[in-house]
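Asks: I have a structure I would like to understand better, so I am pasting it below and will then ask my questions one at a time.
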Amino acid sequence: CHGWATIDWSHPYRCMGDLSQLKEEGNKHFQAGEIDQAIECYTKAIKVGQDKKQLAVIYRNRSACYLKKENYVNAASDASKAIDVDAADIKALFRRCQALEKLGKLDMAFKDVQRCATIEPKNKIFLETLRRLGGEIQAKLKTTFSTDSRVQNMFDILLDEEMEKDKKEKAANNLIVLSREDAGAERIFQNNGVHLLLNMIETGKTEMVLAAVRTLSGMCTGHKARVSTDSHHSTIFNLQTSSHINAEIALATCNLFQCINDSLTGGDKRDYGKEASLVLAILLSLLEMVANKKVSGYGRDQALNLLSKNVPRKSKKEKDHSRTLFTIDHGLKKILKICGQVPELPDQLPMTENTQLIASILLNKLYDDLQCDPERDNFRDICDQYIKSKIDPNNMDKTLHAINTISGLLQGPFDVGNALIGHQGIMEMMVALCSSEREVDQMVTVEALIHSSTKMSRASFIITNGVSLLKDIYKKTKNERIKIRALVGLCKLGSAGGDDYSLRQFAEGSTEKLAKQCRKWLCNPQIDTKTRKWAIEGLAYLTNDADVKDDFVEDEMALKAMFELSNDKTILYAVACILVNCTNCYDKKEMIPELVELAKFSKQHVPEQHPKDKKDFIERRVKRLLKAGITSALAVMVKADNSILTDQTKEMLARVFLALADDPKDRGTIVAQGGGKALIPLALEGTDAGKTKASHALAKIAAISNPEIAFPGERVYEVVRPLVKLLSTDRDGIQNFEALKSLTNFAGFSEKLRVKIVKEQALPDIENYMFEEHDEIRQAATECMCNLVSSKEVQERYLQDGNDKLKLLVLLCGEDDHKLQIAAAGALAMLTAAQKKLCTKMTKVTTQWMEILQRLCLHENPKVQHRGLVIVLNMLNCDDDELPKKLIESEILEILTVIGKAQDNPKRQEPIDAARACLVKAMEMGLIKPFNSPS
């Protein structure tokens, strides 16, 4: 009993005879080409088999199956198990040879076929395979040695000072190309390539340095081992301190840093254990570069850009922000040092025009990435200590550095800079420095005053204490750089009340005069570009005034000058501000009349709208901007580097696009000038408000445009996701409506777009809006579903039991809204034509189906009537024999007869033809007798 109790009776085969039977069944399946069934039989036989020789045969047979399935790993494994039993099993040897060859193990495959040829020396297949594999092995060895020699030859050419320039350029390009292939990169790496590349960098020659850095980038891409096992990257970091560096080398080195970082943090999934420490080493090296005097301006920009791109989290959903905390602890003061640099003073760090702005943006991103108040307090304390350490009444250069650092913070994390200005004596010192005899003091302090007057409370202080100083500087100074800054300061102070007409800071007409002067500077090509950019900064403040807006959009030369200068990254934000102001697309609080009256009664301030900020004036300004080519300018601005194009700037550009797309007549112009393509990145990245605004603008364009023209190529599929997100119940009704209209357009365009819409999980939202009380939204959702039902996946949803989807469509057909009926009946007609089962299901979902169908067939609107008659025709064609009889026995027959006998009428021909088709079908089925057609 004990012995029998251990047997698994669930298995159908228990003995040697069963083993043979399984083997024979497997052989039959294999001969019939049923490979999966053969593998199943062989596997069962292996589980119950005990005899080693029989098992070896079965393993060999299963190996043949795996070869057929192209599962070469399992094929080689099974053949090896057979060979372990019988080393001379010629079939198993050859099968393993075939599998190993496919796996690229040519030398091992060669050994197996060599043993086969030894056992059967006259077998032509073995001999042919032996020759072929021998040739392939020789070719591979030749290629390997050839690659090694080519690599060495390239380095010899590059490091030979007497070699011709053309040959050196060719060798450099070949080396770069070779490094981008894994095999080539490995050959360079194994042939002492890193050391030779570093020798090339030490030559200091631009073309040599570029070739070396780009080759290293290729070698490091996606490969932790090459990055982790060598310290060559630490040597490369020192490249940025070289005196010979230029913009091209800085960019190439930046790319190398990025390749190294990506490889260490995710580009290569293999775990080598050194990544964390190496990432910190990279951060320390970058932070060292930030404040190193030997680093060029280009190198400093790239180091800041790399920090900005790789340190803050990509999404707040990520919990780990340790890089940000590490950067603040080890490098915040170094970044502050850059913000405080004054190029006009001696012994300053080398910088480009963009360096300080990039540093401010980095500070803002770091501060924004902090998670709690203690972390923010630490950030502010470091800034506070740094400023205090630089203020020295006996050393004006140091004090000026502190003021300029605050200026940088005001352009980055504004709250931090604003708190620093609030410290006792700082604002007074700034105002006092305006009257300094040194022009550099005036210039730096005026800039700081401009940035600090963003808050109304600060602006009021400066208006009280500093306006007269700014006016004096503007009138007296002969230095145009200071003059334009003073003018911008006056512009900003003059607009401190925003668009509130009742809070004008200056006398009537003063802001228009300031704006006129700014436009003169802007349109004067004789003035240097940097000064003209400051004129744009001034207009960014002044265009809060509606009079200034109207004058500016009428000045075609000024508009074109601004659009030309908008290629410069440093003024993107200012240009975006001007365009937002001119189109009035900023958020406005809704003024409730009752609350306004209450505020007036309690003597509270009530904002007042400028007469020229009414709708007709805004529309006129939008038309002028479109005529001046604003869309093309916006498309160029969107392509700017992300380190400059901040999320706030993206949001403003999205707002402008939405304002431009308000009138359907203008949307064709926007598409023609590249606006459709430009909106896609704005809808995918940035602030939530910015993405929503851009998505809404996309919806407006997509609702009435040909998708292939508006969003050429594969871009059209990128548009679907932002449109679907607009369906959220958190969005406004108008956004829901326009998203549904655009998705309707897309769904009617191609099956691929319908599949994409379904894949983005849009169906539940669309179905929910079909229940919506708002007539237009419900109609739009039903129209969208009508276009989607031609997709099989959507049809399957209607076939499923346990939902009211089909019932809803039938009931919507009974509504009084003609457009809603057209959409619902159209969807029902398409569904019943594609899925015959739905014809029967339709009669079960509601008892009103017959009444609703009759109403459709008698409808005065020919489009509704036609769809109803098509549904009847589909039901006559269904697989349910009883349903056609039920229809013909009802009043439907009389309706069909009346319509079918009617004379031809172009306006109602579609329903007439559909009714006649129904009658013909009924006659074919023998349900009615033929009738005489009208003469």
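Each chain in the structure tokens gets a letter, A, B and so on, in the order shown; residues start at 1 in every chain, and ligands are counted from 1 in the order they appear.
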List the spatial neighbours of Leu572 in chain A as a PDB file with C-alpha atoms, in the first residue's frame - criterion: any atom at most 9 Å away, only C-alpha atoms, same-chain residues fewer than 3 positions off excluded.
Replies:
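Below is the file selection33.pdb, written as the result:
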ATOM      1  CA  SER A 566      12.970  87.065 -29.762  1.00  0.00           C
ATOM      2  CA  ASN A 567      15.537  84.627 -31.190  1.00  0.00           C
ATOM      3  CA  ASP A 568      17.672  85.734 -28.236  1.00  0.00           C
ATOM      4  CA  LYS A 569      17.053  83.379 -25.316  1.00  0.00           C
ATOM      5  CA  VAL A 575       8.444  88.972 -25.034  1.00  0.00           C
ATOM      6  CA  ALA A 576       5.972  86.427 -23.642  1.00  0.00           C
ATOM      7  CA  CYS A 577       4.827  89.006 -21.061  1.00  0.00           C
ATOM      8  CA  MET A 637      10.407  80.612 -29.241  1.00  0.00           C
ATOM      9  CA  ALA A 640      14.399  77.331 -27.284  1.00  0.00           C
ATOM     10  CA  ILE A 644      15.892  79.175 -20.666  1.00  0.00           C
ATOM     11  CA  LEU A 645      12.329  78.298 -21.696  1.00  0.00           C
ATOM     12  CA  THR A 649       7.331  81.049 -19.999  1.00  0.00           C
TER      13      THR A 649
END
Asks: Do a neighbour search on Ala45 in chain A at 9 Å with only C-alpha atoms, toss out local chain neighbours closer than 2 positions, and write the hits as a list in words.
Replies: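 After dropping sequence-adjacent residues, the list is Tyr13, Asp18, Leu19, Ser20, Gln21, Leu22, Lys23, Glu40, Cys41, Tyr42, Thr43, Lys47, Val48, Gly49, Leu55 and Ile58 of chain A.
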Asks: Leu363 in chain A: which residues within 12 Å, counting only C-alpha atoms, same-chain residues fewer than 2 positions away excluded, as an NGL selection string?
Replies: :A and (304-305 or 307-308 or 311-312 or 324 or 327-328 or 331-339 or 356-361 or 365-370 or 379-380 or 383 or 405-406 or 408-417 or 643)
Asks: Atoms to include: N, CA and C atoms. Write the selected residues as a short mmCIF file (atom, residue, chain, number, x, y, z; two decimals), in the first residue's frame.
Replies:
data_model
loop_
_atom_site.label_atom_id
_atom_site.label_comp_id
_atom_site.auth_asym_id
_atom_site.auth_seq_id
_atom_site.Cartn_x
_atom_site.Cartn_y
_atom_site.Cartn_z
N LEU A 304 26.23 74.76 -15.78
CA LEU A 304 24.96 75.17 -15.17
C LEU A 304 23.78 74.46 -15.83
N ASN A 305 23.83 74.35 -17.15
CA ASN A 305 22.77 73.67 -17.88
C ASN A 305 22.66 72.20 -17.46
N LEU A 307 23.61 70.88 -14.59
CA LEU A 307 23.04 70.84 -13.24
C LEU A 307 21.53 71.05 -13.28
N SER A 308 21.11 72.01 -14.08
CA SER A 308 19.68 72.32 -14.19
C SER A 308 18.89 71.15 -14.75
N VAL A 311 19.85 67.66 -11.91
CA VAL A 311 19.74 67.65 -10.44
C VAL A 311 18.29 67.67 -9.96
N PRO A 312 17.48 68.68 -10.31
CA PRO A 312 16.09 68.66 -9.81
C PRO A 312 15.32 67.48 -10.38
N THR A 324 19.43 67.34 -5.17
CA THR A 324 19.18 68.76 -4.92
C THR A 324 19.78 69.18 -3.59
N THR A 327 23.52 69.34 -3.87
CA THR A 327 23.95 70.51 -4.64
C THR A 327 23.85 71.78 -3.82
N ILE A 328 22.78 71.91 -3.03
CA ILE A 328 22.62 73.11 -2.19
C ILE A 328 23.73 73.16 -1.14
N GLY A 331 27.19 73.50 -3.26
CA GLY A 331 27.39 74.41 -4.39
C GLY A 331 26.53 75.65 -4.44
N LEU A 332 25.61 75.84 -3.48
CA LEU A 332 24.72 77.00 -3.56
C LEU A 332 25.51 78.31 -3.54
N LYS A 333 26.52 78.39 -2.69
CA LYS A 333 27.30 79.63 -2.62
C LYS A 333 28.05 79.90 -3.92
N LYS A 334 28.45 78.81 -4.60
CA LYS A 334 29.16 78.97 -5.88
C LYS A 334 28.22 79.51 -6.95
N ILE A 335 26.98 79.06 -6.92
CA ILE A 335 26.00 79.56 -7.90
C ILE A 335 25.67 81.03 -7.59
N LEU A 336 25.56 81.34 -6.30
CA LEU A 336 25.31 82.74 -5.89
C LEU A 336 26.46 83.64 -6.34
N LYS A 337 27.66 83.08 -6.30
CA LYS A 337 28.83 83.87 -6.73
C LYS A 337 28.70 84.29 -8.19
N ILE A 338 28.17 83.40 -9.02
CA ILE A 338 27.97 83.74 -10.44
C ILE A 338 26.95 84.86 -10.57
N CYS A 339 25.84 84.76 -9.82
CA CYS A 339 24.81 85.80 -9.89
C CYS A 339 25.36 87.17 -9.52
N GLN A 356 24.39 84.51 -16.20
CA GLN A 356 23.71 84.87 -14.96
C GLN A 356 22.23 84.50 -14.98
N LEU A 357 21.60 84.59 -16.16
CA LEU A 357 20.20 84.19 -16.27
C LEU A 357 20.06 82.68 -16.05
N ILE A 358 20.98 81.89 -16.63
CA ILE A 358 20.94 80.43 -16.45
C ILE A 358 21.14 80.08 -14.97
N ALA A 359 22.03 80.83 -14.29
CA ALA A 359 22.26 80.59 -12.86
C ALA A 359 21.00 80.89 -12.05
N SER A 360 20.29 81.97 -12.39
CA SER A 360 19.05 82.32 -11.69
C SER A 360 17.99 81.24 -11.88
N ILE A 361 17.91 80.72 -13.10
CA ILE A 361 16.93 79.66 -13.38
C ILE A 361 17.26 78.40 -12.59
N LYS A 365 14.95 76.42 -9.83
CA LYS A 365 14.61 74.99 -9.93
C LYS A 365 15.00 74.25 -8.65
N LEU A 366 16.16 74.59 -8.10
CA LEU A 366 16.61 73.95 -6.86
C LEU A 366 15.64 74.26 -5.71
N TYR A 367 15.27 75.52 -5.60
CA TYR A 367 14.36 75.94 -4.51
C TYR A 367 12.99 75.30 -4.67
N ASP A 368 12.54 75.23 -5.91
CA ASP A 368 11.22 74.64 -6.20
C ASP A 368 11.20 73.14 -5.93
N ASP A 369 12.37 72.49 -5.94
CA ASP A 369 12.44 71.05 -5.76
C ASP A 369 12.45 70.65 -4.28
N LEU A 370 12.56 71.63 -3.38
CA LEU A 370 12.59 71.32 -1.96
C LEU A 370 11.20 70.91 -1.48
N PHE A 379 17.96 76.82 2.73
CA PHE A 379 18.30 77.52 1.48
C PHE A 379 18.39 79.03 1.73
N ARG A 380 17.36 79.56 2.42
CA ARG A 380 17.33 81.01 2.69
C ARG A 380 18.47 81.42 3.61
N CYS A 383 21.70 81.74 1.69
CA CYS A 383 21.67 82.97 0.89
C CYS A 383 21.88 84.19 1.79
N THR A 405 23.87 89.89 -6.51
CA THR A 405 23.41 88.55 -6.14
C THR A 405 21.92 88.56 -5.81
N ILE A 406 21.50 89.59 -5.07
CA ILE A 406 20.06 89.73 -4.77
C ILE A 406 19.27 89.88 -6.07
N GLY A 408 19.99 88.56 -8.90
CA GLY A 408 19.88 87.22 -9.49
C GLY A 408 18.82 86.39 -8.80
N LEU A 409 18.73 86.50 -7.46
CA LEU A 409 17.71 85.76 -6.72
C LEU A 409 16.31 86.27 -7.06
N LEU A 410 16.19 87.56 -7.29
CA LEU A 410 14.88 88.12 -7.66
C LEU A 410 14.42 87.62 -9.02
N GLN A 411 15.36 87.20 -9.86
CA GLN A 411 15.00 86.63 -11.16
C GLN A 411 14.81 85.11 -11.06
N GLY A 412 15.21 84.53 -9.91
CA GLY A 412 15.03 83.10 -9.70
C GLY A 412 13.97 82.85 -8.64
N PRO A 413 14.38 82.34 -7.46
CA PRO A 413 13.39 82.14 -6.38
C PRO A 413 13.02 83.50 -5.78
N PHE A 414 12.01 84.15 -6.32
CA PHE A 414 11.70 85.54 -5.98
C PHE A 414 11.47 85.73 -4.48
N ASP A 415 10.80 84.76 -3.86
CA ASP A 415 10.50 84.90 -2.43
C ASP A 415 11.76 85.07 -1.60
N VAL A 416 12.83 84.34 -1.99
CA VAL A 416 14.09 84.44 -1.26
C VAL A 416 14.71 85.83 -1.46
N GLY A 417 14.76 86.29 -2.71
CA GLY A 417 15.32 87.62 -2.99
C GLY A 417 14.51 88.72 -2.34
N SER A 643 16.51 75.06 -20.60
CA SER A 643 17.11 75.75 -19.45
C SER A 643 16.70 77.22 -19.42
#
Asks: If we count only C-alpha atoms and set the cut-off at 12 Å, which residues sit around Arg797 in chain A, ignoring sequence neighbours fewer than 6 positions away in its own chain? Please answer as a list in words.
Replies: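 Everything that qualifies: Val758, Leu763, Pro764, Glu767, Met785, Leu788, Val789, Ser790, Ser791, Asn803, Asp804, Lys805, Leu806, Leu831, Gln835 and Leu838 of chain A.
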Asks: Keeping N, CA, C and O atoms for every residue in the selection just given, could you write it to a file as a PDB file, in the first residue's frame?
Replies:
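Final file, result-v1.pdb:
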ATOM      1  N   VAL A 758      -8.800  55.120 -28.299  1.00  0.00           N
ATOM      2  CA  VAL A 758      -9.229  54.037 -27.400  1.00  0.00           C
ATOM      3  C   VAL A 758      -8.096  53.674 -26.444  1.00  0.00           C
ATOM      4  O   VAL A 758      -8.307  53.467 -25.242  1.00  0.00           O
ATOM      5  N   LEU A 763     -12.665  56.326 -23.885  1.00  0.00           N
ATOM      6  CA  LEU A 763     -14.046  55.862 -24.016  1.00  0.00           C
ATOM      7  C   LEU A 763     -14.904  56.087 -22.765  1.00  0.00           C
ATOM      8  O   LEU A 763     -16.034  56.565 -22.883  1.00  0.00           O
ATOM      9  N   PRO A 764     -14.416  55.765 -21.548  1.00  0.00           N
ATOM     10  CA  PRO A 764     -15.267  55.988 -20.360  1.00  0.00           C
ATOM     11  C   PRO A 764     -15.714  57.440 -20.216  1.00  0.00           C
ATOM     12  O   PRO A 764     -16.864  57.706 -19.882  1.00  0.00           O
ATOM     13  N   GLU A 767     -18.328  58.280 -22.917  1.00  0.00           N
ATOM     14  CA  GLU A 767     -19.615  57.675 -22.554  1.00  0.00           C
ATOM     15  C   GLU A 767     -20.292  58.446 -21.427  1.00  0.00           C
ATOM     16  O   GLU A 767     -21.514  58.642 -21.430  1.00  0.00           O
ATOM     17  N   MET A 785     -18.748  59.384 -30.356  1.00  0.00           N
ATOM     18  CA  MET A 785     -18.980  57.946 -30.288  1.00  0.00           C
ATOM     19  C   MET A 785     -19.427  57.403 -31.637  1.00  0.00           C
ATOM     20  O   MET A 785     -19.048  56.293 -32.032  1.00  0.00           O
ATOM     21  N   LEU A 788     -16.481  56.670 -33.525  1.00  0.00           N
ATOM     22  CA  LEU A 788     -15.626  55.635 -32.932  1.00  0.00           C
ATOM     23  C   LEU A 788     -16.179  54.224 -33.102  1.00  0.00           C
ATOM     24  O   LEU A 788     -15.424  53.252 -33.034  1.00  0.00           O
ATOM     25  N   VAL A 789     -17.498  54.101 -33.316  1.00  0.00           N
ATOM     26  CA  VAL A 789     -18.094  52.758 -33.309  1.00  0.00           C
ATOM     27  C   VAL A 789     -17.666  51.895 -34.498  1.00  0.00           C
ATOM     28  O   VAL A 789     -17.909  50.686 -34.493  1.00  0.00           O
ATOM     29  N   SER A 790     -17.009  52.487 -35.471  1.00  0.00           N
ATOM     30  CA  SER A 790     -16.507  51.653 -36.570  1.00  0.00           C
ATOM     31  C   SER A 790     -15.273  50.848 -36.148  1.00  0.00           C
ATOM     32  O   SER A 790     -14.817  49.966 -36.867  1.00  0.00           O
ATOM     33  N   SER A 791     -14.742  51.152 -34.961  1.00  0.00           N
ATOM     34  CA  SER A 791     -13.605  50.402 -34.425  1.00  0.00           C
ATOM     35  C   SER A 791     -14.105  49.136 -33.737  1.00  0.00           C
ATOM     36  O   SER A 791     -15.067  49.165 -32.969  1.00  0.00           O
ATOM     37  N   ASN A 803     -24.268  46.241 -19.201  1.00  0.00           N
ATOM     38  CA  ASN A 803     -24.099  47.692 -19.237  1.00  0.00           C
ATOM     39  C   ASN A 803     -25.242  48.319 -20.041  1.00  0.00           C
ATOM     40  O   ASN A 803     -25.974  47.643 -20.761  1.00  0.00           O
ATOM     41  N   ASP A 804     -25.382  49.634 -19.918  1.00  0.00           N
ATOM     42  CA  ASP A 804     -26.487  50.357 -20.566  1.00  0.00           C
ATOM     43  C   ASP A 804     -26.035  51.139 -21.794  1.00  0.00           C
ATOM     44  O   ASP A 804     -26.711  52.077 -22.213  1.00  0.00           O
ATOM     45  N   LYS A 805     -24.892  50.773 -22.349  1.00  0.00           N
ATOM     46  CA  LYS A 805     -24.355  51.553 -23.469  1.00  0.00           C
ATOM     47  C   LYS A 805     -25.315  51.561 -24.661  1.00  0.00           C
ATOM     48  O   LYS A 805     -25.602  52.611 -25.231  1.00  0.00           O
ATOM     49  N   LEU A 806     -25.802  50.381 -25.047  1.00  0.00           N
ATOM     50  CA  LEU A 806     -26.705  50.302 -26.197  1.00  0.00           C
ATOM     51  C   LEU A 806     -28.052  50.951 -25.878  1.00  0.00           C
ATOM     52  O   LEU A 806     -28.640  51.633 -26.725  1.00  0.00           O
ATOM     53  N   LEU A 831     -23.411  50.302 -35.805  1.00  0.00           N
ATOM     54  CA  LEU A 831     -23.243  49.158 -34.909  1.00  0.00           C
ATOM     55  C   LEU A 831     -24.059  47.956 -35.376  1.00  0.00           C
ATOM     56  O   LEU A 831     -23.557  46.828 -35.406  1.00  0.00           O
ATOM     57  N   GLN A 835     -22.301  44.470 -36.307  1.00  0.00           N
ATOM     58  CA  GLN A 835     -22.519  43.368 -35.362  1.00  0.00           C
ATOM     59  C   GLN A 835     -23.997  42.980 -35.370  1.00  0.00           C
ATOM     60  O   GLN A 835     -24.830  43.641 -34.747  1.00  0.00           O
ATOM     61  N   LEU A 838     -26.252  42.766 -32.244  1.00  0.00           N
ATOM     62  CA  LEU A 838     -26.782  43.972 -31.613  1.00  0.00           C
ATOM     63  C   LEU A 838     -28.192  44.299 -32.082  1.00  0.00           C
ATOM     64  O   LEU A 838     -28.917  45.040 -31.423  1.00  0.00           O
TER      65      LEU A 838
END
Asks: Rank A:Thr847, A:Thr631, A:Gln779, A:Gln385 by their smallest atom-to-atom distance to Asp816 in chain A, using only C-alpha atoms, and report the top residue only.
Replies: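 For Asp816 in chain A, the nearest of the given residues is A:Gln779.
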Asks: Taking the DSSP assignment computed from this structure's backbone, write out as a PyMOL selection string all residues of range 397-558 of chain A that belong to alpha helix (DSSP H).
Replies: chain A and resi 397-411+414-421+426-433+439-452+456-465+467-476+480-494+510-523+529-542+546-554+556-558
Asks: Write out as a compact mmCIF listing (two decimals) with N, CA, C and O atoms, in the first residue's frame which residues come within 12 Å of Ile928 in chain A when counting only C-alpha atoms, dropping same-chain ones fewer than 3 positions away.
Replies:
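Below is the file out_32.txt, written as the result:
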# COMPACT_ATOMS: atom_id res chain seq x y z
N PRO A 884 -37.22 40.02 -38.10
CA PRO A 884 -37.80 40.59 -39.33
C PRO A 884 -39.32 40.43 -39.38
O PRO A 884 -40.03 41.35 -39.81
N LYS A 885 -39.84 39.28 -38.92
CA LYS A 885 -41.29 39.07 -38.91
C LYS A 885 -41.97 40.10 -38.01
O LYS A 885 -43.01 40.67 -38.34
N LEU A 887 -40.94 43.04 -37.21
CA LEU A 887 -40.91 44.37 -37.84
C LEU A 887 -42.00 44.50 -38.91
O LEU A 887 -42.72 45.50 -38.96
N ILE A 888 -42.12 43.50 -39.77
CA ILE A 888 -43.06 43.58 -40.89
C ILE A 888 -44.50 43.50 -40.40
O ILE A 888 -45.41 44.08 -41.01
N GLU A 889 -44.72 42.84 -39.28
CA GLU A 889 -46.07 42.74 -38.73
C GLU A 889 -46.48 44.02 -38.00
O GLU A 889 -47.63 44.19 -37.64
N LEU A 893 -44.08 48.34 -41.64
CA LEU A 893 -44.36 47.99 -43.04
C LEU A 893 -45.11 49.11 -43.74
O LEU A 893 -44.78 49.47 -44.88
N GLU A 894 -46.10 49.66 -43.07
CA GLU A 894 -46.87 50.75 -43.67
C GLU A 894 -45.98 51.97 -43.93
O GLU A 894 -46.06 52.62 -44.98
N LEU A 896 -42.68 51.95 -44.41
CA LEU A 896 -41.79 51.62 -45.52
C LEU A 896 -42.52 51.74 -46.86
O LEU A 896 -41.97 52.24 -47.86
N THR A 897 -43.77 51.28 -46.88
CA THR A 897 -44.54 51.30 -48.12
C THR A 897 -44.80 52.73 -48.59
O THR A 897 -44.62 53.07 -49.77
N CYS A 918 -35.38 48.07 -48.01
CA CYS A 918 -36.02 47.28 -46.95
C CYS A 918 -37.16 46.43 -47.53
O CYS A 918 -37.31 45.25 -47.19
N LEU A 919 -37.95 47.04 -48.41
CA LEU A 919 -39.07 46.32 -49.01
C LEU A 919 -38.59 45.17 -49.89
O LEU A 919 -39.16 44.07 -49.89
N VAL A 920 -37.53 45.41 -50.65
CA VAL A 920 -36.95 44.37 -51.51
C VAL A 920 -36.48 43.20 -50.64
O VAL A 920 -36.71 42.03 -50.97
N LYS A 921 -35.79 43.53 -49.52
CA LYS A 921 -35.31 42.49 -48.62
C LYS A 921 -36.47 41.69 -48.03
O LYS A 921 -36.42 40.46 -47.94
N ALA A 922 -37.57 42.39 -47.68
CA ALA A 922 -38.73 41.71 -47.12
C ALA A 922 -39.36 40.78 -48.15
O ALA A 922 -39.82 39.68 -47.81
N MET A 923 -39.38 41.22 -49.42
CA MET A 923 -39.90 40.37 -50.49
C MET A 923 -39.03 39.13 -50.69
O MET A 923 -39.52 38.02 -50.86
N GLU A 924 -37.70 39.34 -50.64
CA GLU A 924 -36.78 38.21 -50.81
C GLU A 924 -36.97 37.18 -49.70
O GLU A 924 -36.80 35.97 -49.92
N MET A 925 -37.32 37.65 -48.53
CA MET A 925 -37.51 36.76 -47.39
C MET A 925 -38.91 36.14 -47.39
O MET A 925 -39.23 35.29 -46.55
N PHE A 931 -45.00 44.66 -55.07
CA PHE A 931 -45.98 45.71 -55.38
C PHE A 931 -45.51 46.44 -56.63
O PHE A 931 -44.33 46.42 -56.98
Asks: Calculate how many Å separate CA of Lys44 in chain A from CA of Ser63 in chain A, rounding to one decimal.
Replies: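 CA of Ser63 in chain A lies at a distance of 14.7 Å from CA of Lys44 in chain A.
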Asks: Do a neighbour search on range 419-434 of chain A at 7 Å with only C-alpha atoms, toss out local chain neighbours closer than 6 positions, and write the hits as a ChimeraX atom specification.
Replies: /A:384,441-442,445-446,466,469
